Amino acid sequence: MQALDQVGEWPVRSAAVGVVTLGPASRPVTATVGEVDRPFPWASVTKPATALAVLVAVEEGTLTLDDPAGPPGATVRHLLAHASGLGPDAGPPVARPGARRIYSNAGFTVLAGLLADRSAMPFADYLRTGVLEPLGMDGTTLGPVDGAAAAGLTGPLADLLALGREWATPTLIAETTWADAVTVQFPGLAGVLPGFGPYAPCDWGLGVEVRGAKRRHWTGTGNSPRTFGHFGRSGAFLWVDPDVGVVCCGLSARPFGVWAARAWPVLADAVLREVAGGRPDAGPPPSAAPGLG
């Protein structure tokens, strides 16, 4: 895939990027570039994996999306959608549930604790047996650090692509559960996308950001509004555009910053032009500052 040639021009010591196309063919087309077998830290791209573990638990009846969790009045759904009122890090709530979109690592720590309590299993074990092993993500591990459920995974590109494929075409959860997860939760909430700034609305699903009408963004100008995914401080990203059937994932040895905010959208538009007939419109590349946990 020619679009991936530009990864070699990124200002990074090492990177690995892959694309999976999902269409009418019996087997998806996969293209990769870079150190595809090297484990990289995923940082906040851990959150879609944690969210998937929570959704598996919902399927199993271990918990429900409407179970109370976190601050008074908040639920599992609020926590997954960054709408619980908790701040970015541990501490008291800074807003009432459902009032604002506040990106919260603390919320995912709460989710991990709840899942461990309900399943009588350490969160790392539940994540491994419920998500990593079934998806063949044998090279990915969860670090024993505080907030691991929010940002603790390390693994190679092949495993990140497996996670991306699962979010694109679910096998671990029902189609109805997946459809709920990739649909905007608590529509209309304003918030800040770390590293990019405020949006009104700032759309999120259950553990994944939904692009929606955001204009400056880390995906391409040609990505559809239904595009969803996540990126992390470590220089990792995962997005799925369900309208065109494309998954794109990347890992990097350089933390997220202005370089990534400029390079990732250009790559996305090139991928869409090459494999999916993307719809890039005019506009300069975005600028940004590091900030996503």
# chains A, B, ... in the order shown; residues from 1 in each chain; ligands from 1

$ residues_around --residues "Thr176 in chain A" --least-positions-apart "6" --cutoff "12 Å" --atoms "only C-alpha atoms" --output "PyMOL selection string"
chain A and resi 55+58-59+169-170+182-183

$ select_by_dssp --residues "range 11-256 of chain A" --states "alpha helix (DSSP H)" --output "VMD selection string"
chain A and resid 46 to 60 76 to 80 105 to 119 123 to 127 148 to 151 157 to 168 175 to 181

$ closest_residue --among "A:Thr171, A:Ser119, A:Thr141, A:Asn223" --to "Gly61 in chain A" --atoms "only C-alpha atoms"
A:Ser119

$ closest_atom_pairs --of "range 94-179 of chain A" --to "range 233-246 of chain A" --cutoff "10 Å" --atoms "only C-alpha atoms" --output "Markdown table"
| residue | atom | partner | partner_atom | distance |
| --- | --- | --- | --- | --- |
| A:Ala151 | CA | A:Arg233 | CA | 9.1 |
| A:Leu157 | CA | A:Ala236 | CA | 9.8 |
| A:Leu160 | CA | A:Leu238 | CA | 7.7 |
| A:Leu161 | CA | A:Leu238 | CA | 8.2 |
| A:Leu163 | CA | A:Leu238 | CA | 8.8 |
| A:Gly164 | CA | A:Leu238 | CA | 6.6 |
| A:Arg165 | CA | A:Val240 | CA | 8.4 |
| A:Trp167 | CA | A:Val240 | CA | 7.5 |
| A:Ala168 | CA | A:Val240 | CA | 6.2 |
| A:Thr169 | CA | A:Pro242 | CA | 9.2 |

$ atom_distance --atom1 "CA of Gly207 in chain A" --atom2 "CA of Glu274 in chain A"
28.7 Å

$ residues_around --residues "range 95-98 of chain A" --least-positions-apart "5" --cutoff "8 Å" --atoms "only C-alpha atoms" --output "ChimeraX atom specification"
/A:71,73-74,78,83-86,186,189

$ closest_residue --among "A:Ala69, A:Ala190, A:Ala49, A:Leu172" --to "Arg128 in chain A" --atoms "only C-alpha atoms"
A:Ala49

$ select_by_dssp --residues "range 39-278 of chain A" --states "strand (DSSP E)" --output "MDAnalysis selection string"
chainID A and resid 40:41 141:142 153:155 191:193 197:199 209:210 228:231 237:241 246:252

$ atom_distance --atom1 "CA of Pro201 in chain A" --atom2 "CA of Gly222 in chain A"
19.5 Å

$ atom_distance --atom1 "CA of Thr154 in chain A" --atom2 "CA of Pro255 in chain A"
14.1 Å

$ closest_residue --among "A:Leu153, A:Val56, A:Ala162, A:Ala261" --to "Trp218 in chain A" --atoms "only C-alpha atoms"
A:Ala261

$ closest_atom_pairs --of "range 12-78 of chain A" --to "range 106-117 of chain A" --cutoff "9 Å" --atoms "only C-alpha atoms" --output "JSON lines"
{"residue": "A:Lys47", "atom": "CA", "partner": "A:Phe108", "partner_atom": "CA", "distance": 7.5}
{"residue": "A:Thr50", "atom": "CA", "partner": "A:Phe108", "partner_atom": "CA", "distance": 7.7}
{"residue": "A:Ala51", "atom": "CA", "partner": "A:Phe108", "partner_atom": "CA", "distance": 8.4}
{"residue": "A:Ala53", "atom": "CA", "partner": "A:Leu115", "partner_atom": "CA", "distance": 8.7}
{"residue": "A:Val54", "atom": "CA", "partner": "A:Leu115", "partner_atom": "CA", "distance": 7.1}
{"residue": "A:Ala57", "atom": "CA", "partner": "A:Leu115", "partner_atom": "CA", "distance": 7.7}
{"residue": "A:Thr62", "atom": "CA", "partner": "A:Leu115", "partner_atom": "CA", "distance": 7.9}
{"residue": "A:Leu63", "atom": "CA", "partner": "A:Leu115", "partner_atom": "CA", "distance": 7.7}
{"residue": "A:Ala69", "atom": "CA", "partner": "A:Val110", "partner_atom": "CA", "distance": 7.5}
{"residue": "A:Gly70", "atom": "CA", "partner": "A:Val110", "partner_atom": "CA", "distance": 6.4}
{"residue": "A:Val76", "atom": "CA", "partner": "A:Leu111", "partner_atom": "CA", "distance": 7.1}
{"residue": "A:His78", "atom": "CA", "partner": "A:Gly107", "partner_atom": "CA", "distance": 8.8}

$ write_last_selection --atoms "C-alpha atoms" --output "PDB file, in the first residue's frame"
ATOM      1  CA  LYS A  47      -9.084   2.004  26.904  1.00  0.00           C
ATOM      2  CA  THR A  50     -10.690  -2.319  28.727  1.00  0.00           C
ATOM      3  CA  ALA A  51     -14.050  -1.208  27.352  1.00  0.00           C
ATOM      4  CA  ALA A  53     -13.686  -6.424  28.589  1.00  0.00           C
ATOM      5  CA  VAL A  54     -16.504  -4.497  30.274  1.00  0.00           C
ATOM      6  CA  ALA A  57     -18.897  -8.805  31.154  1.00  0.00           C
ATOM      7  CA  THR A  62     -21.593 -10.004  35.321  1.00  0.00           C
ATOM      8  CA  LEU A  63     -22.721  -6.374  35.264  1.00  0.00           C
ATOM      9  CA  ALA A  69     -20.570   3.018  39.382  1.00  0.00           C
ATOM     10  CA  GLY A  70     -18.326   5.904  40.348  1.00  0.00           C
ATOM     11  CA  VAL A  76     -21.019   2.013  34.024  1.00  0.00           C
ATOM     12  CA  HIS A  78     -21.290   7.151  32.202  1.00  0.00           C
TER      13      HIS A  78
END

$ residues_around --residues "Ala268 in chain A" --least-positions-apart "2" --cutoff "8 Å" --atoms "only C-alpha atoms" --output "list in words"
Thr219, Gly220, Gly222, Asn223, Cys248, Trp264, Pro265, Val266, Ala270, Val271 and Leu272 of chain A

$ write_last_selection --atoms "C-alpha atoms" --output "compact mmCIF listing (two decimals), in the first residue's frame"
# COMPACT_ATOMS: atom_id res chain seq x y z
CA THR A 219 -8.19 11.18 11.79
CA GLY A 220 -8.43 12.40 8.20
CA GLY A 222 -12.08 12.20 4.56
CA ASN A 223 -13.08 10.00 7.48
CA CYS A 248 -5.96 1.79 10.65
CA TRP A 264 -1.85 11.08 11.20
CA PRO A 265 -4.61 12.94 9.30
CA VAL A 266 -2.44 13.07 6.17
CA ALA A 270 -4.00 8.84 1.80
CA VAL A 271 -5.26 5.46 3.02
CA LEU A 272 -8.86 6.39 2.27

$ closest_residue --among "A:Ala3, A:Val208, A:Val33, A:Val184" --to "Thr46 in chain A" --atoms "only C-alpha atoms"
A:Val208

$ residues_around --residues "Trp10 in chain A" --least-positions-apart "3" --cutoff "10 Å" --atoms "only C-alpha atoms" --output "ChimeraX atom specification"
/A:5-7,13-15,252,254,259-260,263-264

$ write_last_selection --atoms "C-alpha atoms" --output "mmCIF file, in the first residue's frame"
data_model
loop_
_atom_site.group_PDB
_atom_site.id
_atom_site.type_symbol
_atom_site.label_atom_id
_atom_site.label_comp_id
_atom_site.auth_asym_id
_atom_site.auth_seq_id
_atom_site.Cartn_x
_atom_site.Cartn_y
_atom_site.Cartn_z
ATOM 1 C CA ASP A 5 5.328 4.830 2.436
ATOM 2 C CA GLN A 6 4.953 8.178 4.180
ATOM 3 C CA VAL A 7 5.463 6.513 7.592
ATOM 4 C CA ARG A 13 13.046 6.586 15.624
ATOM 5 C CA SER A 14 10.683 3.680 15.109
ATOM 6 C CA ALA A 15 7.048 3.113 14.165
ATOM 7 C CA SER A 252 5.452 4.815 17.672
ATOM 8 C CA ARG A 254 7.851 9.039 19.929
ATOM 9 C CA TRP A 259 4.188 15.860 14.647
ATOM 10 C CA ALA A 260 1.435 13.253 15.125
ATOM 11 C CA ALA A 263 1.071 13.299 10.179
ATOM 12 C CA TRP A 264 -1.851 11.077 11.202
#

$ closest_residue --among "A:Val17, A:Val275, A:Met137, A:Ala81" --to "Val36 in chain A" --atoms "only C-alpha atoms"
A:Val17

$ closest_residue --among "A:Asp159, A:Asp66, A:Asp125, A:Asp180" --to "Phe40 in chain A" --atoms "only C-alpha atoms"
A:Asp159
